[in-house]
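Shown below: target18.csv, with CSV, C-alpha atoms.
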chain,number,residue,atom,x,y,z
A,1,MET,CA,0.0,0.0,0.0
A,2,THR,CA,1.3,3.5,-0.9
A,3,MET,CA,2.0,5.7,2.0
A,4,HIS,CA,-0.4,8.7,2.3
A,5,TRP,CA,1.2,11.7,0.8
A,6,ILE,CA,0.7,13.7,4.0
A,7,LEU,CA,3.1,11.3,5.7
A,8,ALA,CA,5.4,10.6,2.8
A,9,GLN,CA,6.4,14.3,2.5
A,10,PHE,CA,8.2,14.1,5.8
A,11,ILE,CA,10.7,11.4,4.7
A,12,GLU,CA,11.4,12.6,1.1
A,13,ASP,CA,14.9,13.6,2.1
A,14,ILE,CA,15.5,11.2,5.0
A,15,GLU,CA,17.0,7.7,4.6
A,16,LEU,CA,15.6,5.5,7.4
A,17,THR,CA,17.7,2.6,8.7
A,18,GLY,CA,15.1,0.5,10.6
A,19,HIS,CA,16.8,1.3,13.9
A,20,ILE,CA,14.1,3.2,15.8
A,21,PRO,CA,16.2,5.3,18.1
A,22,THR,CA,18.4,6.5,15.2
A,23,ASP,CA,15.5,7.1,12.8
A,24,ALA,CA,13.3,8.9,15.3
A,25,SER,CA,16.3,11.1,16.3
A,26,VAL,CA,17.2,12.0,12.7
A,27,PHE,CA,13.5,12.6,11.8
A,28,LEU,CA,12.9,15.0,14.7
A,29,ALA,CA,16.1,16.8,14.3
A,30,TYR,CA,15.6,17.2,10.5
A,31,HIS,CA,12.2,18.7,11.1
A,32,ASP,CA,13.6,21.1,13.8
A,33,CYS,CA,11.6,19.5,16.6
A,34,LEU,CA,14.5,19.8,19.0
A,35,GLU,CA,12.5,20.0,22.3
A,36,THR,CA,10.4,17.0,21.2
A,37,HIS,CA,13.6,15.2,20.4
A,38,GLU,CA,15.0,15.7,23.9
A,39,HIS,CA,11.7,14.8,25.5
A,40,CYS,CA,11.4,11.6,23.4
A,41,LYS,CA,15.0,10.6,24.2
A,42,ARG,CA,14.2,11.0,27.9
A,43,VAL,CA,10.9,9.1,27.7
A,44,ALA,CA,12.5,6.3,25.8
A,45,ALA,CA,15.2,5.9,28.5
A,46,GLU,CA,12.7,6.1,31.3
A,47,ALA,CA,10.4,3.6,29.6
A,48,ARG,CA,13.2,1.2,29.1
A,49,GLN,CA,14.1,1.4,32.8
A,50,LEU,CA,10.5,0.9,33.9
A,51,ALA,CA,10.2,-2.0,31.5
A,52,VAL,CA,13.1,-3.8,33.1
A,53,ARG,CA,11.7,-3.0,36.5
A,54,PHE,CA,8.2,-4.4,35.7
A,55,GLY,CA,9.1,-7.3,33.4
A,56,VAL,CA,8.1,-5.9,30.0
A,57,ASP,CA,10.2,-6.1,26.8
A,58,GLU,CA,12.5,-3.1,27.1
A,59,SER,CA,13.2,-2.8,23.4
A,60,LEU,CA,9.4,-2.3,22.7
A,61,ALA,CA,9.2,0.2,25.5
A,62,GLU,CA,12.1,2.1,24.2
A,63,ALA,CA,10.7,2.2,20.7
A,64,ALA,CA,7.3,3.4,21.9
A,65,GLY,CA,9.1,6.1,24.0
A,66,TRP,CA,10.9,7.4,20.9
A,67,LEU,CA,7.8,7.5,18.7
A,68,HIS,CA,5.1,8.6,21.2
A,69,ASP,CA,5.4,12.3,20.2
A,70,ILE,CA,6.6,11.8,16.6
A,71,SER,CA,3.6,13.7,15.3
A,72,ALA,CA,5.1,16.9,16.7
A,73,VAL,CA,5.8,17.8,13.1
A,74,PHE,CA,2.1,18.7,12.8
A,75,ARG,CA,1.1,21.9,14.7
A,76,PRO,CA,-2.0,21.6,17.0
A,77,GLY,CA,-4.0,23.7,14.5
A,78,GLN,CA,-3.4,21.2,11.8
A,79,ARG,CA,-4.2,18.0,13.7
A,80,CYS,CA,-8.0,17.8,13.1
A,81,GLU,CA,-7.5,18.3,9.3
A,82,VAL,CA,-4.7,15.8,9.2
A,83,ALA,CA,-6.6,13.3,11.2
A,84,GLN,CA,-9.6,13.7,8.8
A,85,GLN,CA,-7.3,13.1,5.8
A,86,LEU,CA,-6.0,10.0,7.4
A,87,SER,CA,-9.5,8.8,8.1
A,88,LEU,CA,-9.0,8.7,11.9
A,89,GLU,CA,-11.9,8.8,14.3
A,90,ILE,CA,-12.1,12.2,15.9
A,91,LEU,CA,-14.0,12.3,19.2
A,92,PRO,CA,-15.8,15.5,20.2
A,93,GLU,CA,-13.3,16.2,23.0
A,94,GLU,CA,-10.5,15.9,20.4
A,95,ARG,CA,-12.2,18.5,18.2
A,96,THR,CA,-12.5,20.8,21.2
A,97,PHE,CA,-8.8,20.3,22.2
A,98,PRO,CA,-7.0,19.1,19.0
A,99,ALA,CA,-3.6,18.8,20.8
A,100,ILE,CA,-4.8,15.4,22.2
A,101,LEU,CA,-5.0,14.0,18.6
A,102,HIS,CA,-1.2,13.9,18.5
A,103,GLN,CA,-1.3,10.4,20.2
A,104,LYS,CA,-3.5,9.0,17.4
A,105,LEU,CA,-1.4,10.7,14.7
A,106,SER,CA,1.8,9.3,16.3
A,107,ARG,CA,0.4,5.8,16.1
A,108,VAL,CA,-0.2,6.2,12.4
A,109,MET,CA,3.2,7.6,11.8
A,110,ALA,CA,4.9,4.9,13.9
A,111,LYS,CA,3.2,2.3,11.7
A,112,GLU,CA,3.4,3.9,8.2
A,113,ILE,CA,6.7,5.7,8.4
A,114,PHE,CA,8.7,3.7,10.9
A,115,GLY,CA,7.4,0.3,10.1
A,116,ILE,CA,6.1,-0.6,13.6
A,117,THR,CA,3.8,-3.6,13.4
A,118,ASP,CA,3.7,-4.7,17.0
A,119,GLU,CA,0.2,-3.9,18.2
A,120,SER,CA,1.3,-3.5,21.8
A,121,VAL,CA,3.7,-0.7,20.8
A,122,LEU,CA,1.1,1.0,18.5
A,123,SER,CA,-1.5,0.9,21.3
A,124,ALA,CA,0.9,2.3,23.9
A,125,ILE,CA,1.7,5.2,21.6
A,126,GLU,CA,-2.0,5.8,20.8
A,127,CYS,CA,-3.0,6.2,24.4
A,128,HIS,CA,0.2,7.6,26.0
A,129,THR,CA,-1.5,10.9,26.9
A,130,THR,CA,-4.9,9.7,28.1
A,131,LEU,CA,-4.3,6.0,28.7
A,132,ARG,CA,-7.5,3.9,28.3
A,133,ALA,CA,-9.3,1.1,30.1
A,134,ASP,CA,-7.7,-2.4,29.8
A,135,ALA,CA,-4.3,-0.8,29.0
A,136,SER,CA,-1.4,-3.2,28.7
A,137,ALA,CA,1.6,-3.0,31.0
A,138,LEU,CA,3.5,-1.5,28.1
A,139,GLY,CA,0.9,1.1,27.7
A,140,LYS,CA,1.0,2.0,31.4
A,141,ILE,CA,4.8,2.2,31.3
A,142,VAL,CA,4.9,4.6,28.3
A,143,PHE,CA,2.1,6.7,30.0
A,144,ILE,CA,4.0,7.0,33.2
A,145,ALA,CA,7.4,7.5,31.5
A,146,ASP,CA,5.9,10.4,29.6
A,147,LYS,CA,4.6,12.1,32.7
A,148,ILE,CA,7.8,11.6,34.7
A,149,GLN,CA,9.8,13.2,31.9
A,150,TRP,CA,7.3,15.9,31.2
A,151,GLY,CA,8.9,19.3,31.7
A,152,GLN,CA,10.9,20.4,34.8
A,153,ALA,CA,10.6,18.7,38.2
A,154,HIS,CA,9.2,21.9,39.8
A,155,GLN,CA,6.4,22.0,37.2
A,156,GLN,CA,5.3,18.5,38.2
A,157,PRO,CA,3.7,18.6,41.7
A,158,PHE,CA,2.6,15.0,41.2
A,159,LEU,CA,6.1,13.7,40.5
A,160,ARG,CA,7.1,12.6,44.0
A,161,ASP,CA,3.8,10.9,44.7
A,162,VAL,CA,4.0,9.0,41.4
A,163,GLN,CA,7.6,7.9,42.0
A,164,ASP,CA,6.6,6.7,45.5
A,165,ALA,CA,3.7,4.9,44.1
A,166,LEU,CA,6.0,3.0,41.6
A,167,ASP,CA,7.5,1.4,44.7
A,168,ARG,CA,4.2,-0.2,45.3
A,169,SER,CA,3.1,-1.1,41.8
A,170,LEU,CA,2.8,0.1,38.2
A,171,ASP,CA,-1.0,0.4,38.6
A,172,GLU,CA,-0.6,2.5,41.8
A,173,ALA,CA,1.6,4.9,39.9
A,174,VAL,CA,-0.9,5.1,37.0
A,175,PHE,CA,-3.8,5.7,39.4
A,176,CYS,CA,-1.8,8.3,41.3
A,177,TYR,CA,-1.3,10.4,38.3
A,178,ILE,CA,-4.9,9.9,36.8
A,179,ASP,CA,-6.4,10.7,40.2
A,180,TYR,CA,-4.3,13.9,40.4
A,181,LEU,CA,-5.9,14.9,37.1
A,182,TRP,CA,-9.3,13.8,38.1
A,183,GLN,CA,-9.3,15.9,41.3
A,184,ARG,CA,-8.6,18.9,39.1
A,185,ARG,CA,-10.9,17.9,36.2
A,186,HIS,CA,-12.9,21.1,36.4
A,187,THR,CA,-9.8,23.1,35.5
A,188,LEU,CA,-9.0,21.0,32.4
A,189,SER,CA,-10.0,21.9,28.8
A,190,VAL,CA,-11.7,18.5,28.3
A,191,ILE,CA,-12.0,15.1,30.0
A,192,HIS,CA,-11.1,12.6,27.3
A,193,PRO,CA,-13.4,9.6,27.5
A,194,TRP,CA,-10.4,7.2,27.5
A,195,LEU,CA,-9.0,8.9,30.6
A,196,ALA,CA,-12.4,8.7,32.3
A,197,ALA,CA,-12.7,5.0,31.5
A,198,ALA,CA,-9.2,4.3,32.8
A,199,TYR,CA,-10.0,6.2,36.0
A,200,ARG,CA,-13.2,4.3,36.6
A,201,GLN,CA,-11.6,1.0,36.0
A,202,LEU,CA,-8.6,1.6,38.3
A,203,SER,CA,-10.9,3.1,41.0
A,204,ALA,CA,-13.0,-0.1,40.9
A,205,MET,CA,-10.0,-2.3,41.0
A,206,ARG,CA,-8.6,-0.4,44.1
A,207,THR,CA,-12.0,-0.7,45.8
A,208,LEU,CA,-12.1,-4.4,45.3
A,209,GLN,CA,-8.5,-4.8,46.6
A,210,ASN,CA,-9.3,-2.8,49.7
A,211,LYS,CA,-12.2,-5.0,50.5
A,212,LYS,CA,-10.1,-8.2,50.5

Spell out the structure here as structure tokens.
Amino acid sequence: MTMHWILAQFIEDIELTGHIPTDASVFLAYHDCLETHEHCKRVAAEARQLAVRFGVDESLAEAAGWLHDISAVFRPGQRCEVAQQLSLEILPEERTFPAILHQKLSRVMAKEIFGITDESVLSAIECHTTLRADASALGKIVFIADKIQWGQAHQQPFLRDVQDALDRSLDEAVFCYIDYLWQRRHTLSVIHPWLAAAYRQLSAMRTLQNKK
């Protein structure tokens, strides 16, 4: 199948090697996404460490970390139009706050440009901002790695609590961050339905565990 032109234009002058860390690094640098490059580099390293810690394939975690924000080449104002051209489902919340669409666009780019076929990696990329119910361990790792490596430490009031929660379990860390957002949901631009579903599921699981 021929790659959609809207994606193909980004690799016209780039020779990909098949080595994800190298290719993602070159791609982002070539398109002058230097802040995203540094963020993805940190998230990939963090995801790899968490994968080792929680018994997940570290190479898959690293690949997902490198590619989770690869759609930074599209500005937020472009994302709805691009998603429509790629025939992606756009939820009402994503139309209201198009920046969230970057996770779905990154999934498509990871598959079509970088040749990722592993569904666990694609799914982790697709929900790295919002998570979703029934997320895999890999999905949770990329989700948490992204939050740990998001901005400066002083800008992340949740960071210490999330890191402490990781000492208990991956699910505890995920819930810690989502609950942080949930308690502040009235200040957010939107509540993505995937995030709400993940919150409800994790809350129910914690309630059951506390009853045992």

(request) For CA of Thr129 (chain A) and CA of Asp146 (chain A), quote the distance in Å rounded to one decimal. (result)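 CA of Asp146 (chain A) lies 7.9 Å from CA of Thr129 (chain A).
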
(request) Mind giving me the straight-line distance from CA of Phe175 (chain A) to CA of Leu202 (chain A) in Å, one decimal? (result)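 So the two atoms, CA of Phe175 (chain A) and CA of Leu202 (chain A), lie 6.4 Å apart.
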
(request) Please provide the set of residues having any atom within 9 Å of Ile100 (chain A), restricted to only C-alpha atoms, with same-chain residues fewer than 6 positions apart removed, written as a ChimeraX atom specification. (result) /A:76,79,93-94,129-130,192

(message) Would you compute the distance between CA of Ala110 (chain A) and CA of Glu172 (chain A)? Give it in Å to one decimal.
(response) 28.5 Å

(message) Given only C-alpha atoms as the basis, pick out the residue of A:Val73, A:Leu138, A:Ala165, A:Ala124 nearest to Cys33 (chain A).
(response)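 So, comparing all the options, the nearest one is A:Val73.
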
(message) Residues within 12 Å of region 205-212 of chain A, please, as a list in words. Count all atoms listed in the file; anything in the same chain fewer than 3 positions from it doesn't count.
(response)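 Residues near the query, excluding close chain neighbours: Ala133, Asp134, Ser169, Asp171, Glu172, Val174, Phe175, Cys176, Asp179, Ala198, Tyr199, Arg200, Gln201 and Leu202 of chain A.
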
(message) Which residues are near region 51-63 of chain A? Cut-off 12 Å, all atoms listed in the file, ignore same chain within fewer than 4 positions. Put them as a PyMOL selection string.
(response) chain A and resi 18-25+40-47+67-70+107+110-111+114-125+128+136-146+166-171

(request) Identify which of the residues A:Val190, A:Tyr177, A:Gln156, A:Ile113 lies closest to Thr17 (chain A), counting only C-alpha atoms when measuring atom-to-atom distances. (result)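 Answer, going by the shortest atom-to-atom distance: A:Ile113.
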